[in-house]
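A.B. asks: Below is a structure I'd like to ask you about.
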Amino acid sequence: MARALSILVGTMTGTADLVAQEVEASLGQRGIAASVIQMDRLDEQVFAQGGLFLICTSTYGQGDVPDNARDFVERLEAIRPDLSAVHFGLVALGDRTYATTYCHGGLKFDTLLSELGARRVGEMFLHDASEGTMAEDEAVAWVDGWVEDAMAASDAT
């Protein structure tokens, strides 16, 4: 692997952090270096060198990003850095019983990063808490397929 994977976490209750930790451990068992970074106090410099990122975030309130991601999103919206050297994937956690805001925290990241020139690799993973499945188990299964395509895309640039 030419580049490490940074997993950026937006969470309110810790579920997204648990998912990120499980994904990191699973990738580590495959020999893929990944690091989990909470979005608290992050700014656009996290993307300065480009690279490969996995956004792992829940949705809170009326379809908002979690509190620990709010300042990060607002700064990206204000500064509008060029993220054309960034490839990313997205793990969005939500609950379909809130149909109008389902996974909107993740969708906001998808829209914003794409507007700033970052390229999403593959399909987003959307987890529905109302199904009763474990988000961390499903994310680990999803990331196995995603990471190969993501590494190839990241290395191609």
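Chain lettering (A, B, ...) mirrors the order of the structure tokens, residue numbering begins at 1 for each chain separately, and ligand numbering begins at 1 in order of display.
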So which bits of region 9-150 of chain A end up alpha helix (DSSP H) when you DSSP the backbone, as an NGL selection string?

C.D. replies: :A and (15-29 or 67-79 or 104-115 or 135-150)

A.B. asks: I want to know what sits within 9 Å of Met12 (chain A), based on only C-alpha atoms, with residues of the same chain fewer than 4 positions away left out; could you give that as a list in words?

C.D. replies: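 Residues near the query, excluding close chain neighbours: Ala16, Ser58, Thr59, Tyr60, Pro66, Asp67 and Asn68 of chain A.
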
A.B. asks: Would you please work out which residue, of A:Ala118, A:Leu54, A:Cys103, A:Ala34, is nearest to Ser84 (chain A) when using only C-alpha atoms?

C.D. replies: A:Ala118

A.B. asks: When distances are computed from only C-alpha atoms, which of A:Val121, A:Phe47, A:Val147, A:Leu8 shows the smallest separation from Ser35 (chain A)?

C.D. replies: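 When distances to Ser35 (chain A) are compared using only C-alpha atoms, the smallest one comes from A:Leu8.
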
A.B. asks: As a VMD selection string, please: every residue in chain A that a backbone DSSP assignment puts in strand (DSSP E).

C.D. replies: chain A and resid 5 to 10 34 to 38 51 to 57 86 to 94 119 to 120 125 to 128

A.B. asks: Please provide the set of residues having any atom within 8 Å of region 136-141 of chain A, restricted to only C-alpha atoms, with same-chain residues fewer than 2 positions apart removed, written as an MDAnalysis selection string.

C.D. replies: chainID A and resid 18:20 22:23 26 91 125 127 133:134 143:145

A.B. asks: Could the residues in this selection be saved with C-alpha atoms as an mmCIF file, in the first residue's frame?

C.D. replies:
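In the end it all went to selection_28.cif:
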```
data_model
loop_
_atom_site.group_PDB
_atom_site.id
_atom_site.type_symbol
_atom_site.label_atom_id
_atom_site.label_comp_id
_atom_site.auth_asym_id
_atom_site.auth_seq_id
_atom_site.Cartn_x
_atom_site.Cartn_y
_atom_site.Cartn_z
ATOM 1 C CA LEU A 18 -16.804 2.139 17.612
ATOM 2 C CA VAL A 19 -17.428 1.505 13.904
ATOM 3 C CA ALA A 20 -14.203 3.312 12.981
ATOM 4 C CA GLU A 22 -13.517 -1.952 14.257
ATOM 5 C CA VAL A 23 -12.766 -0.951 10.661
ATOM 6 C CA SER A 26 -9.988 -5.219 10.490
ATOM 7 C CA VAL A 91 -19.718 5.325 6.271
ATOM 8 C CA PHE A 125 -22.152 2.630 3.137
ATOM 9 C CA HIS A 127 -26.326 1.857 7.957
ATOM 10 C CA THR A 133 -27.937 -5.017 12.729
ATOM 11 C CA MET A 134 -24.592 -4.083 14.225
ATOM 12 C CA VAL A 143 -14.839 -1.922 3.851
ATOM 13 C CA ASP A 144 -13.221 -5.139 2.624
ATOM 14 C CA GLY A 145 -14.599 -4.529 -0.852
#
```

A.B. asks: Counting only C-alpha atoms, figure out which residue out of A:Ala129, A:Val36, A:Ala4, A:Val46 gets nearest to Tyr98 (chain A).

C.D. replies: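 Going through A:Ala129, A:Val36, A:Ala4, A:Val46 one by one, the smallest distance to Tyr98 (chain A) is for A:Ala129.
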
A.B. asks: Would you pick out the contacts of Lys108 (chain A) at 9 Å or less, using only C-alpha atoms, so that residues sharing its chain but fewer than 3 positions from it are not included, and give the list as an mmCIF file with N, CA and C atoms, in the first residue's frame?

C.D. replies:
```cif
data_model
loop_
_atom_site.group_PDB
_atom_site.id
_atom_site.type_symbol
_atom_site.label_atom_id
_atom_site.label_comp_id
_atom_site.auth_asym_id
_atom_site.auth_seq_id
_atom_site.Cartn_x
_atom_site.Cartn_y
_atom_site.Cartn_z
ATOM 1 N N GLY A 63 -30.900 16.064 10.973
ATOM 2 C CA GLY A 63 -30.077 15.716 9.817
ATOM 3 C C GLY A 63 -28.727 16.404 9.812
ATOM 4 N N ASP A 64 -28.270 16.782 10.981
ATOM 5 C CA ASP A 64 -27.007 17.506 11.111
ATOM 6 C C ASP A 64 -25.839 16.559 11.309
ATOM 7 N N VAL A 65 -24.634 17.111 11.114
ATOM 8 C CA VAL A 65 -23.433 16.369 11.482
ATOM 9 C C VAL A 65 -23.327 16.415 13.000
ATOM 10 N N VAL A 73 -16.786 21.091 9.568
ATOM 11 C CA VAL A 73 -17.605 21.324 8.379
ATOM 12 C C VAL A 73 -17.720 22.815 8.095
ATOM 13 N N CYS A 103 -29.370 9.424 7.383
ATOM 14 C CA CYS A 103 -27.945 9.492 7.006
ATOM 15 C C CYS A 103 -27.520 10.855 6.462
ATOM 16 N N HIS A 104 -28.249 11.901 6.781
ATOM 17 C CA HIS A 104 -27.917 13.219 6.240
ATOM 18 C C HIS A 104 -26.581 13.762 6.738
ATOM 19 N N GLY A 105 -26.149 13.351 7.916
ATOM 20 C CA GLY A 105 -24.821 13.779 8.368
ATOM 21 C C GLY A 105 -23.763 13.327 7.379
ATOM 22 N N THR A 111 -21.520 15.622 -0.140
ATOM 23 C CA THR A 111 -21.762 16.798 -0.977
ATOM 24 C C THR A 111 -20.638 17.817 -0.841
ATOM 25 N N LEU A 112 -20.261 18.133 0.392
ATOM 26 C CA LEU A 112 -19.240 19.154 0.630
ATOM 27 C C LEU A 112 -17.886 18.745 0.055
ATOM 28 N N LEU A 113 -17.430 17.550 0.362
ATOM 29 C CA LEU A 113 -16.120 17.122 -0.131
ATOM 30 C C LEU A 113 -16.103 17.070 -1.655
#
```

A.B. asks: Residues within 12 Å of Ile37 (chain A), please, as a list in words. Count only C-alpha atoms; anything in the same chain fewer than 5 positions from it doesn't count.

C.D. replies: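 Using only C-alpha atoms, the neighbours found are Leu5, Ser6, Ile7, Leu8, Val9, Gly10, Thr11, Ala16, Asp17, Ala20, Gln21, Glu24, Leu42, Asp43, Val46, Phe53, Leu54, Ile55, Cys56, Thr57, Asn68 and Ala69 of chain A.
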
A.B. asks: Give me a file of those residues, with N, CA and C atoms, as a PDB file, in the first residue's frame.

C.D. replies:
```pdb
ATOM      1  N   LEU A   5      -4.480   5.105   5.269  1.00  0.00           N
ATOM      2  CA  LEU A   5      -5.879   5.509   5.283  1.00  0.00           C
ATOM      3  C   LEU A   5      -6.169   6.229   6.587  1.00  0.00           C
ATOM      4  N   SER A   6      -6.736   7.415   6.492  1.00  0.00           N
ATOM      5  CA  SER A   6      -7.162   8.161   7.672  1.00  0.00           C
ATOM      6  C   SER A   6      -8.669   8.030   7.797  1.00  0.00           C
ATOM      7  N   ILE A   7      -9.132   7.598   8.962  1.00  0.00           N
ATOM      8  CA  ILE A   7     -10.563   7.449   9.218  1.00  0.00           C
ATOM      9  C   ILE A   7     -10.980   8.619  10.101  1.00  0.00           C
ATOM     10  N   LEU A   8     -11.756   9.543   9.541  1.00  0.00           N
ATOM     11  CA  LEU A   8     -12.190  10.732  10.264  1.00  0.00           C
ATOM     12  C   LEU A   8     -13.566  10.461  10.866  1.00  0.00           C
ATOM     13  N   VAL A   9     -13.705  10.698  12.169  1.00  0.00           N
ATOM     14  CA  VAL A   9     -14.900  10.286  12.893  1.00  0.00           C
ATOM     15  C   VAL A   9     -15.690  11.480  13.412  1.00  0.00           C
ATOM     16  N   GLY A  10     -16.981  11.480  13.052  1.00  0.00           N
ATOM     17  CA  GLY A  10     -17.950  12.412  13.602  1.00  0.00           C
ATOM     18  C   GLY A  10     -18.951  11.610  14.418  1.00  0.00           C
ATOM     19  N   THR A  11     -19.037  11.890  15.712  1.00  0.00           N
ATOM     20  CA  THR A  11     -19.894  11.067  16.573  1.00  0.00           C
ATOM     21  C   THR A  11     -20.489  11.892  17.704  1.00  0.00           C
ATOM     22  N   ALA A  16     -20.242   5.846  16.002  1.00  0.00           N
ATOM     23  CA  ALA A  16     -19.371   6.025  14.832  1.00  0.00           C
ATOM     24  C   ALA A  16     -17.912   5.751  15.195  1.00  0.00           C
ATOM     25  N   ASP A  17     -17.525   6.107  16.415  1.00  0.00           N
ATOM     26  CA  ASP A  17     -16.162   5.821  16.859  1.00  0.00           C
ATOM     27  C   ASP A  17     -15.938   4.314  16.974  1.00  0.00           C
ATOM     28  N   ALA A  20     -15.527   2.965  13.510  1.00  0.00           N
ATOM     29  CA  ALA A  20     -14.203   3.312  12.981  1.00  0.00           C
ATOM     30  C   ALA A  20     -13.108   2.442  13.591  1.00  0.00           C
ATOM     31  N   GLN A  21     -13.173   2.203  14.899  1.00  0.00           N
ATOM     32  CA  GLN A  21     -12.174   1.374  15.565  1.00  0.00           C
ATOM     33  C   GLN A  21     -12.197  -0.057  15.024  1.00  0.00           C
ATOM     34  N   GLU A  24     -10.699  -0.022  11.552  1.00  0.00           N
ATOM     35  CA  GLU A  24      -9.243   0.106  11.677  1.00  0.00           C
ATOM     36  C   GLU A  24      -8.612  -1.233  12.037  1.00  0.00           C
ATOM     37  N   LEU A  42     -10.296  19.469  14.178  1.00  0.00           N
ATOM     38  CA  LEU A  42      -9.697  19.304  12.851  1.00  0.00           C
ATOM     39  C   LEU A  42      -9.944  20.548  12.022  1.00  0.00           C
ATOM     40  N   ASP A  43      -9.032  20.796  11.090  1.00  0.00           N
ATOM     41  CA  ASP A  43      -9.268  21.838  10.101  1.00  0.00           C
ATOM     42  C   ASP A  43      -8.820  21.311   8.743  1.00  0.00           C
ATOM     43  N   VAL A  46      -5.835  18.736   7.588  1.00  0.00           N
ATOM     44  CA  VAL A  46      -5.846  17.274   7.580  1.00  0.00           C
ATOM     45  C   VAL A  46      -5.787  16.748   6.142  1.00  0.00           C
ATOM     46  N   PHE A  53      -9.072   8.927   2.577  1.00  0.00           N
ATOM     47  CA  PHE A  53      -9.809   9.171   3.807  1.00  0.00           C
ATOM     48  C   PHE A  53     -11.102   8.372   3.804  1.00  0.00           C
ATOM     49  N   LEU A  54     -11.492   7.933   4.977  1.00  0.00           N
ATOM     50  CA  LEU A  54     -12.794   7.322   5.164  1.00  0.00           C
ATOM     51  C   LEU A  54     -13.516   8.164   6.204  1.00  0.00           C
ATOM     52  N   ILE A  55     -14.626   8.755   5.803  1.00  0.00           N
ATOM     53  CA  ILE A  55     -15.435   9.545   6.716  1.00  0.00           C
ATOM     54  C   ILE A  55     -16.428   8.591   7.373  1.00  0.00           C
ATOM     55  N   CYS A  56     -16.431   8.564   8.681  1.00  0.00           N
ATOM     56  CA  CYS A  56     -17.344   7.705   9.436  1.00  0.00           C
ATOM     57  C   CYS A  56     -18.125   8.619  10.371  1.00  0.00           C
ATOM     58  N   THR A  57     -19.403   8.820  10.049  1.00  0.00           N
ATOM     59  CA  THR A  57     -20.167   9.792  10.810  1.00  0.00           C
ATOM     60  C   THR A  57     -21.602   9.362  11.035  1.00  0.00           C
ATOM     61  N   ASN A  68     -19.122  17.119  17.303  1.00  0.00           N
ATOM     62  CA  ASN A  68     -17.663  17.162  17.187  1.00  0.00           C
ATOM     63  C   ASN A  68     -17.205  17.391  15.746  1.00  0.00           C
ATOM     64  N   ALA A  69     -18.128  17.368  14.785  1.00  0.00           N
ATOM     65  CA  ALA A  69     -17.783  17.611  13.380  1.00  0.00           C
ATOM     66  C   ALA A  69     -18.245  18.985  12.892  1.00  0.00           C
TER      67      ALA A  69
END
```

A.B. asks: Find the residue from A:Phe88, A:Leu27, A:Asp82, A:Glu77 that sits nearest to Ala153 (chain A); use only C-alpha atoms when measuring.

C.D. replies: A:Phe88
